[in-house]
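Novice: Structure provided below as structure tokens; questions to follow.
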Amino acid sequence: MPQYALELCDLSRHFQLKNGVFSAPTTLKAVDGVSLRIPPGETLGLVGESGCGKSTLAKMILGLLPPTDGSVLVNDQVISNGNRFALAKQLQPIFQDPYSSLNPRKTIRQIISLPLQLHKVGDKRSQQASVKQMSDLVGLPERLLDQYPGQLSGGQRQRVAIARALILKPSILVCDEPTSALDVSVQAQILNLLMDLKQELGLTYLFISHNLGVVEHLVDRVAVMYRGKLVEQGTREDIFRNAQHPYTQALLSSVLTPEPSLGLPELLDDSAWANAS
Amino acid sequence: MSRVLEVKNLQVDLPTANGTLRAVRGIDLSVEKGEMLCIVGESGCGKSMTSMALMGLLPKKAKVSADKMEFDGLDLLSLSKKKRNGVRGLRMSMIFQEPMTSLNPSYTLGNQLCEGIMRHKGLTKDKAEERAIYLLERAGVPYPEKRLSQYPHQLSGGLRQRVMIAMALMCEPDLIIADEPTTALDVTIQAQILRLIRELQQEFGTAVVFITHDLGVVARIADRVAVMYAGQVVETGLTNDIFNNPSHPYTQGLLSCIPIPGKTAPGSHLESIPGGVPSLIGDLAGCAFRNRCKHATKGCATDTPTLVEFTAPSSHQVRCPVSVESLKEAV
């Protein structure tokens with residue numbers, strides 16, 4: 001058993017922005033010195049507004065973007081940039097939009113079995129057997145396997161994305177806003193599925209979301225990101241009951257729950273938390 | 001209070017290759033002056049079609065019919081295209097969902113803000129710009145004078161939505177239709193924008209039809225709510241009635257799906273509504289929700305339910321005979 005399923009050491013990613021031909025390029029620090037540790041079997045929620053660097057961080061963890069500085073350790077091992085195959089066996093993504101993350105020209109069966117073919121796991125028959133098993137696990141009816149993504153509803157597509165992510169039996173899933181494109185009734189189904197799968201397979205989740213209600217429901221620990229930096233992290237109780245950073249407090253107070261008696265939160269001003277860190 | 005908008009039995013039919021898609025199947029709506037009516041429902045339930053039909057923005061091939069569609073005494077159905085154009089923008093205006101795409105990238109903000117009022121009210125450019133600056137300031141846009149010469153891409157999403165709101169208010173309309181105006185925004189910005197819409201609405205006495213899928217937003221800003229499912233209103237009433245006493249199985253299901261911090265036990269199994277929305281092509285016999293409903297009886301497959309008012313004073317209406325029965329027994 002590794003000590004940490006996922007460990008980020010001082011991870012940074014800077015982009016050089018060219019402003020014009022004659023002016024010197026400026027540096028955009030999309031992710032700036034982020035350190036995180038997730039023990040196996042835990043769910044970490046990463047929250048923050050759009051443009052705070054959440055997705056850049058996820059891309060670096062997935063090996064899709066080389067970090068400027070720092071390193072990513074998966075199951076206590078550094079995965080070098082060239083070795084995506086080794087990484088894919090341990091860590092898989094689920095993306096936000098199930099409408100664009102599935103190839104519209106492949107059948108569901110082809111989509112789910114593609115990782116097995118690429119990694120040359122088993123023969124054709126055993127691959128088909130595990131596709132069937134996996135679709136059972138995520139609650140996808142077998143009759144859908146020979147259909148195309150266009151014929152499926154949003155919730156069904158997200159189940160396909162989950163099945164594809166799990167078919168190589170990874171230990172870590174990076175979920176980047178997995179339910180924000182779905183309706184609330186379907187969102188509940190997918191959240192239930194993710195919780196069941198975690199119990200059944202002992203998965204570790206990095207759960208990126210801006211929906212704090214969902215994050216509170218699902219995660220063990222929370223990390224709050226603001227302008228490329230982690231401004232606060234702690235257990236669920238720490239963050240939701242006793243948030244310290246003004247930005248976290250602002251985020252929490254803008255969660256709109258269906259309770260009509262509460263009214264709208266006080267008007268917030270960015271300056272309250274822009275300079276506090 | 002005077003009634004700004006009254007719609008009876010609105011229907012929108014769209015011809016598709018597989019038959020007629022009946023997107024909106026007989027909706028009754030009414031909005032009073034200065035009131036915020038929220039239409040809430042999941043994707044595909046016809047809420048955007050309703051808003052487009054009210055604004056008269058549907059494509060020609062879509063068939064809109066209604067028994068009554070009256071805007072402040074004007075019959076919108078029989079209005080000529082020219083007269084309709086005179087109403088739209090001047091007396092009823094719209095805030096769209098995506099501030100990224102609903103502003104024209106190749107015109108300045110000043111140009112887009114002033115175009116409507118110059119055309120409708122014949123104001124000079126100076127006067128129009130004066131009003132634009134005033135409204136931008138009221139909408140909380142910093143440096144409003146500078147913004148008039150800027151282009152949409154120079155502004156953040158939140159600022160663009162503020163510009164959209166200012167634009168909708170330019171001609172002092174009687175009715176604003178806001179179609180998911182905060183869906184594309186961050187939660188902190190969303191709270192600011194909602195507060196702004198509410199404040200300006202109360203200040204100018206504008207009636208607002210607010211369309212959203214987010215019950216959290218509805219609970220916090222609406223005066224009255226209409227819950228839509230499969231092209232029909234399944235429950236309508238005052239906000240407190242809907243949230244404290246949800247009576248249609250669909251409304252109950254939607255509310256129990258949402259994890260509420262502090263109330264729902266973390267990690268517990270969430271309630272969900274099984275199955276999916278029925279196809280809207282052709283006619284639906286019986287209750288559209290019956291396949292996903294816990295309380296469905298045999299009668300639900302054959303009898304098409306109507307909206308029934310069950311508490312006389314507060315006009316809380318439900319389209320479900322089963323729950324109306326049980327509610328009457330409870331009373």
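If you're wondering about the labels, chains in the structure tokens are A, B, ... by order shown, residues count from 1 in each chain, ligands from 1 in order shown.
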Residues of chain A within 7 Å of chain B, counting only C-alpha atoms - could you list those as a PyMOL selection string?

Specialist: chain A and resi 49-50+183-185+188-189+192+213-214+216-218+250-251+254-260+262-265+267-268

Novice: Now that the selection is made, can you save its residues with C-alpha atoms as a JSON list (two decimals), in the first residue's frame?

Specialist:
```
[["chain", "number", "residue", "atom", "x", "y", "z"],
["A", 49, "GLU", "CA", -13.65, 29.97, -9.43],
["A", 50, "SER", "CA", -13.10, 29.68, -13.17],
["A", 183, "ASP", "CA", -29.63, 17.99, -14.69],
["A", 184, "VAL", "CA", -30.06, 17.72, -10.93],
["A", 185, "SER", "CA", -32.04, 14.47, -11.01],
["A", 188, "ALA", "CA", -27.82, 12.63, -8.02],
["A", 189, "GLN", "CA", -27.66, 9.32, -9.91],
["A", 192, "ASN", "CA", -24.51, 7.91, -6.02],
["A", 213, "GLY", "CA", -23.09, 21.44, -2.03],
["A", 214, "VAL", "CA", -21.86, 18.48, -4.07],
["A", 216, "GLU", "CA", -19.56, 18.78, 0.89],
["A", 217, "HIS", "CA", -21.60, 15.69, 0.21],
["A", 218, "LEU", "CA", -18.84, 13.70, -1.41],
["A", 250, "ALA", "CA", -17.19, 34.19, 0.40],
["A", 251, "LEU", "CA", -17.52, 30.96, -1.57],
["A", 254, "SER", "CA", -22.68, 32.26, -2.06],
["A", 255, "VAL", "CA", -23.93, 28.68, -2.10],
["A", 256, "LEU", "CA", -27.63, 28.91, -2.91],
["A", 257, "THR", "CA", -29.56, 26.11, -1.29],
["A", 258, "PRO", "CA", -33.30, 25.68, -1.96],
["A", 259, "GLU", "CA", -34.34, 27.41, 1.24],
["A", 260, "PRO", "CA", -36.52, 30.41, 0.39],
["A", 262, "LEU", "CA", -32.67, 32.67, 3.59],
["A", 263, "GLY", "CA", -32.85, 35.20, 0.75],
["A", 264, "LEU", "CA", -29.84, 36.31, -1.23],
["A", 265, "PRO", "CA", -26.42, 36.63, 0.44],
["A", 267, "LEU", "CA", -23.26, 41.70, -1.89],
["A", 268, "LEU", "CA", -19.68, 40.54, -1.99]]
```

Novice: Please list as a PyMOL selection string every residue within 12 Å of region 112-123 of chain B, counting only C-alpha atoms and excluding residues in the same chain fewer than 6 positions away.

Specialist: chain B and resi 83+85-93+102-106+129-136+144+147-152+160+162-173

Novice: What residues in region 77-106 of chain A get the DSSP label helix (DSSP H, G or I)? Please answer as an mmCIF file with C-alpha atoms, in the first residue's frame.

Specialist:
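out.cif, freshly written:
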```cif
data_model
loop_
_atom_site.group_PDB
_atom_site.id
_atom_site.type_symbol
_atom_site.label_atom_id
_atom_site.label_comp_id
_atom_site.auth_asym_id
_atom_site.auth_seq_id
_atom_site.Cartn_x
_atom_site.Cartn_y
_atom_site.Cartn_z
ATOM 1 C CA ARG A 84 1.907 7.951 -20.220
ATOM 2 C CA PHE A 85 1.078 4.254 -20.438
ATOM 3 C CA ALA A 86 2.260 3.579 -16.909
ATOM 4 C CA LEU A 87 0.335 6.628 -15.721
ATOM 5 C CA ALA A 88 -2.872 5.623 -17.476
ATOM 6 C CA LYS A 89 -2.959 2.319 -15.630
ATOM 7 C CA GLN A 90 -3.059 4.078 -12.289
#
```

Novice: Write down as an MDAnalysis selection string the residues belonging to region 58-245 of chain B that are assigned strand (DSSP E) by DSSP computed on the backbone.

Specialist: chainID B and resid 63:65 68:71 74:75 92:95 175:179 207:212 224:229 232:238

Novice: Might you pull out every residue within 12 Å of Thr206 (chain B), with only C-alpha atoms counted and same-chain residues fewer than 2 positions away left off, and present them as a PyMOL selection string?

Specialist: chain B and resi 2-5+31-37+91-93+168-169+171-177+197-204+208-209

Novice: Hey, can you spit out that residue selection with N, CA and C atoms as an mmCIF file, in the first residue's frame?

Specialist:
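And here is the file that came out, part.cif:
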```
data_model
loop_
_atom_site.group_PDB
_atom_site.id
_atom_site.type_symbol
_atom_site.label_atom_id
_atom_site.label_comp_id
_atom_site.auth_asym_id
_atom_site.auth_seq_id
_atom_site.Cartn_x
_atom_site.Cartn_y
_atom_site.Cartn_z
ATOM 1 N N SER B 2 -51.282 45.660 -11.541
ATOM 2 C CA SER B 2 -51.812 45.410 -12.873
ATOM 3 C C SER B 2 -51.049 44.252 -13.503
ATOM 4 N N ARG B 3 -51.746 43.560 -14.345
ATOM 5 C CA ARG B 3 -51.176 42.375 -14.972
ATOM 6 C C ARG B 3 -50.395 42.800 -16.207
ATOM 7 N N VAL B 4 -49.118 42.423 -16.266
ATOM 8 C CA VAL B 4 -48.294 42.801 -17.410
ATOM 9 C C VAL B 4 -48.429 41.773 -18.528
ATOM 10 N N LEU B 5 -48.405 40.516 -18.145
ATOM 11 C CA LEU B 5 -48.422 39.467 -19.158
ATOM 12 C C LEU B 5 -49.442 38.415 -18.774
ATOM 13 N N VAL B 31 -48.036 37.360 -15.180
ATOM 14 C CA VAL B 31 -47.047 38.091 -14.401
ATOM 15 C C VAL B 31 -47.612 39.459 -14.073
ATOM 16 N N GLU B 32 -47.534 39.824 -12.798
ATOM 17 C CA GLU B 32 -47.997 41.145 -12.367
ATOM 18 C C GLU B 32 -46.855 42.139 -12.488
ATOM 19 N N LYS B 33 -47.193 43.400 -12.439
ATOM 20 C CA LYS B 33 -46.171 44.451 -12.458
ATOM 21 C C LYS B 33 -45.258 44.298 -11.237
ATOM 22 N N GLY B 34 -43.944 44.378 -11.477
ATOM 23 C CA GLY B 34 -42.993 44.311 -10.369
ATOM 24 C C GLY B 34 -42.830 42.937 -9.755
ATOM 25 N N GLU B 35 -43.304 41.906 -10.461
ATOM 26 C CA GLU B 35 -43.228 40.563 -9.893
ATOM 27 C C GLU B 35 -42.116 39.756 -10.546
ATOM 28 N N MET B 36 -41.547 38.820 -9.787
ATOM 29 C CA MET B 36 -40.534 37.918 -10.326
ATOM 30 C C MET B 36 -41.129 36.517 -10.399
ATOM 31 N N LEU B 37 -41.376 36.063 -11.628
ATOM 32 C CA LEU B 37 -41.886 34.707 -11.827
ATOM 33 C C LEU B 37 -40.735 33.831 -12.296
ATOM 34 N N ARG B 91 -40.488 47.644 -24.899
ATOM 35 C CA ARG B 91 -41.328 47.370 -23.739
ATOM 36 C C ARG B 91 -41.086 46.007 -23.120
ATOM 37 N N MET B 92 -40.563 45.074 -23.906
ATOM 38 C CA MET B 92 -40.112 43.821 -23.312
ATOM 39 C C MET B 92 -38.719 43.503 -23.833
ATOM 40 N N SER B 93 -37.807 43.157 -22.929
ATOM 41 C CA SER B 93 -36.460 42.864 -23.392
ATOM 42 C C SER B 93 -35.965 41.593 -22.732
ATOM 43 N N ALA B 168 -30.681 45.530 -21.219
ATOM 44 C CA ALA B 168 -32.092 45.166 -21.128
ATOM 45 C C ALA B 168 -32.910 46.281 -20.494
ATOM 46 N N LEU B 169 -32.276 47.116 -19.674
ATOM 47 C CA LEU B 169 -33.007 48.165 -18.964
ATOM 48 C C LEU B 169 -33.039 49.491 -19.712
ATOM 49 N N CYS B 171 -34.442 50.880 -22.310
ATOM 50 C CA CYS B 171 -35.691 51.546 -22.700
ATOM 51 C C CYS B 171 -36.746 51.506 -21.598
ATOM 52 N N GLU B 172 -36.348 51.209 -20.368
ATOM 53 C CA GLU B 172 -37.294 51.056 -19.268
ATOM 54 C C GLU B 172 -38.442 50.127 -19.637
ATOM 55 N N PRO B 173 -38.140 48.847 -19.879
ATOM 56 C CA PRO B 173 -39.196 47.925 -20.310
ATOM 57 C C PRO B 173 -40.143 47.599 -19.152
ATOM 58 N N ASP B 174 -41.332 47.117 -19.510
ATOM 59 C CA ASP B 174 -42.284 46.667 -18.489
ATOM 60 C C ASP B 174 -42.022 45.220 -18.106
ATOM 61 N N LEU B 175 -41.380 44.500 -19.026
ATOM 62 C CA LEU B 175 -41.157 43.079 -18.795
ATOM 63 C C LEU B 175 -39.762 42.694 -19.272
ATOM 64 N N ILE B 176 -39.035 41.973 -18.415
ATOM 65 C CA ILE B 176 -37.745 41.428 -18.828
ATOM 66 C C ILE B 176 -37.839 39.916 -18.745
ATOM 67 N N ILE B 177 -37.395 39.241 -19.797
ATOM 68 C CA ILE B 177 -37.313 37.783 -19.753
ATOM 69 C C ILE B 177 -35.844 37.426 -19.634
ATOM 70 N N ILE B 197 -30.051 41.995 -10.148
ATOM 71 C CA ILE B 197 -31.312 41.873 -10.884
ATOM 72 C C ILE B 197 -32.480 42.168 -9.947
ATOM 73 N N ARG B 198 -32.433 41.613 -8.748
ATOM 74 C CA ARG B 198 -33.510 41.796 -7.781
ATOM 75 C C ARG B 198 -33.649 43.271 -7.385
ATOM 76 N N GLU B 199 -32.511 43.919 -7.125
ATOM 77 C CA GLU B 199 -32.541 45.322 -6.702
ATOM 78 C C GLU B 199 -33.097 46.229 -7.786
ATOM 79 N N LEU B 200 -32.558 46.025 -9.014
ATOM 80 C CA LEU B 200 -32.990 46.883 -10.113
ATOM 81 C C LEU B 200 -34.457 46.640 -10.426
ATOM 82 N N GLN B 201 -34.882 45.385 -10.313
ATOM 83 C CA GLN B 201 -36.277 45.049 -10.580
ATOM 84 C C GLN B 201 -37.189 45.784 -9.614
ATOM 85 N N GLN B 202 -36.793 45.790 -8.339
ATOM 86 C CA GLN B 202 -37.639 46.455 -7.347
ATOM 87 C C GLN B 202 -37.615 47.968 -7.517
ATOM 88 N N GLU B 203 -36.413 48.478 -7.898
ATOM 89 C CA GLU B 203 -36.292 49.932 -8.073
ATOM 90 C C GLU B 203 -37.130 50.424 -9.254
ATOM 91 N N PHE B 204 -37.075 49.703 -10.380
ATOM 92 C CA PHE B 204 -37.774 50.173 -11.579
ATOM 93 C C PHE B 204 -39.181 49.589 -11.717
ATOM 94 N N VAL B 208 -40.405 40.460 -14.129
ATOM 95 C CA VAL B 208 -39.351 39.609 -14.657
ATOM 96 C C VAL B 208 -39.841 38.171 -14.742
ATOM 97 N N VAL B 209 -39.609 37.558 -15.909
ATOM 98 C CA VAL B 209 -39.782 36.112 -16.027
ATOM 99 C C VAL B 209 -38.383 35.532 -16.028
#
```

Novice: So which residues touch Lys198 (chain A) within 12 Å, counting only C-alpha atoms, skipping near sequence neighbours fewer than 2 positions away, as a VMD selection string?

Specialist: (chain A and resid 40 to 43 137 to 138 162 166 170 to 173 191 to 196 200 to 206 218 to 219) or (chain B and resid 267)

Novice: Extract, using only C-alpha atoms, all DNA, RNA and protein residues at most 10 Å from region 101-111 of chain A, discarding same-chain residues fewer than 4 positions from it, and format them as a ChimeraX atom specification.

Specialist: /A:94-97,115,117,128,131-132,135,142,144-152,157-158,160-161,163-164

Novice: List the spatial neighbours of region 64-72 of chain A as a ChimeraX atom specification - criterion: any atom at most 12 Å away, only C-alpha atoms, same-chain residues fewer than 3 positions off excluded.

Specialist: /A:4-16,27-38,55-61,75-84,87-88,91-93

Novice: What gap, in Å, lies between CA of Pro246 (chain B) and CA of Lys47 (chain B)?

Specialist: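 Answer for the CA of Pro246 (chain B) to CA of Lys47 (chain B) separation: 19.7 Å.
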
Novice: Quote the spacing between CA of Asp303 (chain B) and CA of Ala226 (chain B) in Å to one decimal place.

Specialist: 22.1 Å
